[in-house]
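First the structure, in the form of structure tokens, and then the observations on it.
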Amino acid sequence: MTSSATLRQFKLPDVGEGLTEGEILQWLVAVGDTVTVNQPLCEVETAKAAVELPSPYAGTVTELLFEAGTMVDVGTPIITIDTGGGPAAPAGPAASAAPAAPVASGEEAEPEAGLIGGPAPGGRTSVLVGYGPRTTEARRRPRRTQPAEPAGADYGPGPGDRPPLLATAPDAGTKPMRHGGLEVGRQAEAHALQGEAATADGAPHGRGRLRPLAKPPVRKYAKDLGVDLTTITGSGAGGVITRADVDAAVSGATARPAEMAISAGGGEREQRIPIKGVRKHTAAAMVASAFTAPHVTEFLTVDVTRMMKLRTRLAARPELAGVKVSPLLFVAKALLLAARRHPMVNSSWDEAAQEIVVKDYVNLGIAAATPRGLVVPNIKDAGRLSLAELAEALGRLTETARAGKTAPEDMSGGTITITNVGVFGVDTGTPILNPGESAILAFGAVREMPWVHRGKVVPRQVTQLALSFDHRIIDGELGSRFLADVGAMLHDPGAALAF
């Protein structure tokens, strides 16, 4: 005897700290796939990072509720999974009318306590492993519905005389469905009406248009290249857009970038790029920091010739084999030692409590440029690490950030930051504080320059440091002493023995 299907909907959890939305970058499963608990379902980009969402259920995927590239609110169902072991519900119109396998909703749709998206003690909502439960309750965004056709409405005989059908309408006859990796209409009439309901210049009517026919890998390929699939005519069977069609559009400049709308006022020499994801979060944080904490920046030029020689010697030691001994490693170690000597620099301003919070630990942030924008992951309790452990942590942090796989928990809780502008050949800058921190150190390029050494002008390895700090917490004397200590250790690494 076959058991009836039990359908569960997995809601987008808060994968960070109070985030409200995320963009589905790609699906890692398809309709009909069998999934297990904790198997990755999709990759989601939030305002902080890109993360993989594991499944809270074991079963068969019956429906993907959103396409890749869609921005989804936290708490909105994104996938339906059959957990009852029965046959998956058919994808046709008959399935929507069959009451035998209702999708669980409300409390019935929630996974067990402790699973992602499930209830937690105190009425809170469980999120990803490594994050505390939220005290707020996620709400589902109201579904857009298509207004009913007025009674007695008399439209012309042509499809252009009828209003366009909305892809978001609840009517099963017009709702897109997945089939063989393609997105198609459920009725040929919907295809015809939406395909022919266009303006004089051939552009489809707003949201009444269907998404172009293309497989998910082709969609992602086009998105990465900035190609708008709606401008391409597919050469595949049934008008399916292929990878070759995308390449032809790029080489022939026949498509507009998917996320860059050409400004009508400036012609093709102006572009508009939507602000979202990591870049949106970074912009908001920098504006808040710049206009909240009174910034002061001080500069110091340092002869680091001895440091560079020590770097060469240490790189040959067996305990540092397999790790990168970079100039940044010495800057990080010098900063950690200086913070131990001047703990007020490693603090934060609590506006609500009107208190300065001095940290007895250092979560060292390293600003990293990624394809998605600037991120600042941090090394937890870096002050307790040996030089070899710190080198390994820096290498791991950099590699993860470049791959775009930095976890949200690695970007929270930072106490002080280093930004290495020297890797771009830049001498120095005036860095902006990360929110919640009181100091940030910019490390410039190490260059061979003429320098007065022992009464003679000789070529020496020289770099520039810039320290920005919150003047509410750190006055000029403390900031100067801290920067001077960092510079002294970089100039003469042996000075670290005195700290």
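As shown in the structure tokens, the chain order sets the letters A, B, ...; within each chain, residues go from 1, and ligands are also counted from 1 in the order they appear.
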For Thr80 in chain A, please output as an mmCIF file with C-alpha atoms, in the first residue's frame all residues within 9 Å (counting only C-alpha atoms; exclusion window: fewer than 4 positions along the same chain).
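The result, written out as selection22.cif:
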```cif
data_model
loop_
_atom_site.group_PDB
_atom_site.id
_atom_site.type_symbol
_atom_site.label_atom_id
_atom_site.label_comp_id
_atom_site.auth_asym_id
_atom_site.auth_seq_id
_atom_site.Cartn_x
_atom_site.Cartn_y
_atom_site.Cartn_z
ATOM 1 C CA LEU A 7 4.528 18.039 1.311
ATOM 2 C CA ARG A 8 6.691 20.368 3.360
ATOM 3 C CA GLN A 9 7.743 23.871 2.395
ATOM 4 C CA PHE A 10 11.146 25.155 3.489
ATOM 5 C CA THR A 60 11.768 14.234 -2.853
ATOM 6 C CA VAL A 61 11.799 17.733 -4.329
ATOM 7 C CA THR A 62 8.415 18.486 -5.885
ATOM 8 C CA GLU A 63 8.660 22.192 -6.637
ATOM 9 C CA LEU A 64 11.180 25.047 -6.747
ATOM 10 C CA LEU A 65 9.157 28.120 -5.852
ATOM 11 C CA VAL A 103 0.878 21.449 1.373
#
```
Q | strand (DSSP E or B) per DSSP on the backbone: members of range 282-433 of chain A, as a ChimeraX atom specification | A | /A:295-303,347-350,355-358,364-366,368-370,373-375,378-379,416-420
Once you have the residues from the selection above, write them out as a short mmCIF file (atom, residue, chain, number, x, y, z; two decimals), in the first residue's frame, restricted to N, CA and C atoms.
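Saved file out.cif follows:
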```cif
data_model
loop_
_atom_site.label_atom_id
_atom_site.label_comp_id
_atom_site.auth_asym_id
_atom_site.auth_seq_id
_atom_site.Cartn_x
_atom_site.Cartn_y
_atom_site.Cartn_z
N HIS A 295 35.94 60.74 12.90
CA HIS A 295 37.17 60.12 12.45
C HIS A 295 38.38 61.06 12.57
N VAL A 296 39.49 60.49 13.00
CA VAL A 296 40.80 61.16 12.93
C VAL A 296 41.75 60.18 12.27
N THR A 297 42.58 60.64 11.34
CA THR A 297 43.55 59.77 10.67
C THR A 297 44.95 60.33 10.85
N GLU A 298 45.88 59.47 11.27
CA GLU A 298 47.28 59.85 11.42
C GLU A 298 48.13 58.95 10.53
N PHE A 299 49.29 59.47 10.08
CA PHE A 299 50.13 58.77 9.12
C PHE A 299 51.54 58.61 9.69
N LEU A 300 52.19 57.52 9.28
CA LEU A 300 53.56 57.26 9.71
C LEU A 300 54.31 56.53 8.60
N THR A 301 55.48 57.05 8.23
CA THR A 301 56.34 56.40 7.24
C THR A 301 57.42 55.62 7.98
N VAL A 302 57.60 54.34 7.62
CA VAL A 302 58.46 53.45 8.39
C VAL A 302 59.48 52.76 7.47
N ASP A 303 60.70 52.68 7.94
CA ASP A 303 61.74 51.89 7.28
C ASP A 303 61.59 50.44 7.76
N SER A 347 38.28 48.74 21.43
CA SER A 347 37.05 48.95 22.19
C SER A 347 35.95 49.42 21.26
N SER A 348 34.76 49.64 21.83
CA SER A 348 33.63 50.11 21.04
C SER A 348 32.80 51.08 21.88
N TRP A 349 31.99 51.88 21.19
CA TRP A 349 31.15 52.89 21.83
C TRP A 349 29.71 52.37 21.89
N ASP A 350 29.17 52.21 23.08
CA ASP A 350 27.79 51.76 23.28
C ASP A 350 26.92 52.99 23.51
N GLU A 355 28.31 53.88 27.33
CA GLU A 355 29.49 53.23 27.90
C GLU A 355 30.51 52.94 26.80
N ILE A 356 31.76 52.88 27.19
CA ILE A 356 32.83 52.40 26.31
C ILE A 356 33.12 50.96 26.70
N VAL A 357 33.03 50.06 25.73
CA VAL A 357 33.22 48.63 25.99
C VAL A 357 34.64 48.25 25.56
N VAL A 358 35.50 47.98 26.52
CA VAL A 358 36.89 47.60 26.24
C VAL A 358 36.96 46.07 26.16
N LEU A 364 40.51 40.07 14.94
CA LEU A 364 41.23 40.89 13.96
C LEU A 364 40.58 40.79 12.58
N GLY A 365 40.03 41.91 12.11
CA GLY A 365 39.41 41.95 10.79
C GLY A 365 40.43 42.26 9.71
N ILE A 366 40.28 41.60 8.56
CA ILE A 366 41.13 41.84 7.40
C ILE A 366 40.22 42.20 6.23
N ALA A 368 38.88 42.56 2.68
CA ALA A 368 39.18 41.76 1.48
C ALA A 368 38.25 42.17 0.35
N ALA A 369 38.81 42.39 -0.82
CA ALA A 369 38.02 42.70 -2.01
C ALA A 369 37.60 41.40 -2.68
N THR A 370 36.31 41.25 -2.94
CA THR A 370 35.78 40.06 -3.60
C THR A 370 34.94 40.49 -4.79
N GLY A 373 32.02 42.50 -3.76
CA GLY A 373 32.24 43.73 -3.02
C GLY A 373 33.18 43.51 -1.85
N LEU A 374 33.32 44.54 -1.02
CA LEU A 374 34.23 44.50 0.11
C LEU A 374 33.63 43.73 1.27
N VAL A 375 34.39 42.78 1.81
CA VAL A 375 33.98 42.06 3.02
C VAL A 375 35.13 42.15 4.02
N ASN A 378 36.96 38.24 10.06
CA ASN A 378 37.90 38.45 11.15
C ASN A 378 38.38 37.13 11.74
N ILE A 379 39.58 37.17 12.30
CA ILE A 379 40.19 36.01 12.96
C ILE A 379 39.84 36.09 14.44
N ILE A 416 38.88 45.20 15.67
CA ILE A 416 39.84 46.13 15.06
C ILE A 416 40.24 45.55 13.71
N THR A 417 40.56 46.42 12.75
CA THR A 417 40.71 45.96 11.36
C THR A 417 42.00 46.48 10.74
N ILE A 418 42.55 45.66 9.81
CA ILE A 418 43.66 46.06 8.95
C ILE A 418 43.16 46.04 7.50
N THR A 419 43.44 47.10 6.75
CA THR A 419 43.17 47.10 5.32
C THR A 419 44.49 47.22 4.58
N ASN A 420 44.80 46.22 3.77
CA ASN A 420 46.09 46.14 3.09
C ASN A 420 45.97 46.74 1.70
#
```
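Using only C-alpha atoms for every distance, the candidate list A:Ser438, A:Ser289, A:Thr428, A:Ser412 yields A:Thr428 as the residue closest to Leu465 in chain A.
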Residue neighbourhood range 306-314 of chain A, 9 Å, only C-alpha atoms, exclusion window fewer than 5 positions, as a short mmCIF file (atom, residue, chain, number, x, y, z; two decimals) with C-alpha atoms, in the first residue's frame:
```cif
data_model
loop_
_atom_site.label_atom_id
_atom_site.label_comp_id
_atom_site.auth_asym_id
_atom_site.auth_seq_id
_atom_site.Cartn_x
_atom_site.Cartn_y
_atom_site.Cartn_z
CA GLU A 319 57.55 25.46 11.54
CA LEU A 320 56.38 27.97 8.93
CA VAL A 325 54.96 34.59 5.41
CA SER A 326 53.80 37.95 4.05
CA PRO A 327 54.47 41.53 5.22
CA PHE A 330 54.16 41.13 10.58
CA GLN A 461 62.49 49.26 2.09
CA MET A 489 57.99 46.89 15.81
CA LEU A 490 57.92 46.92 12.01
CA HIS A 491 61.12 48.97 11.88
CA ASP A 492 62.89 46.75 14.41
CA PRO A 493 61.09 43.42 15.00
#
```
(Q) Considering only C-alpha atoms, can you say which of A:Ala58, A:Ala293, A:Ile24, A:Val72 comes closest to Gly436 in chain A? (A)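 Ranking A:Ala58, A:Ala293, A:Ile24, A:Val72 by distance to Gly436 in chain A, first place goes to A:Ala293.
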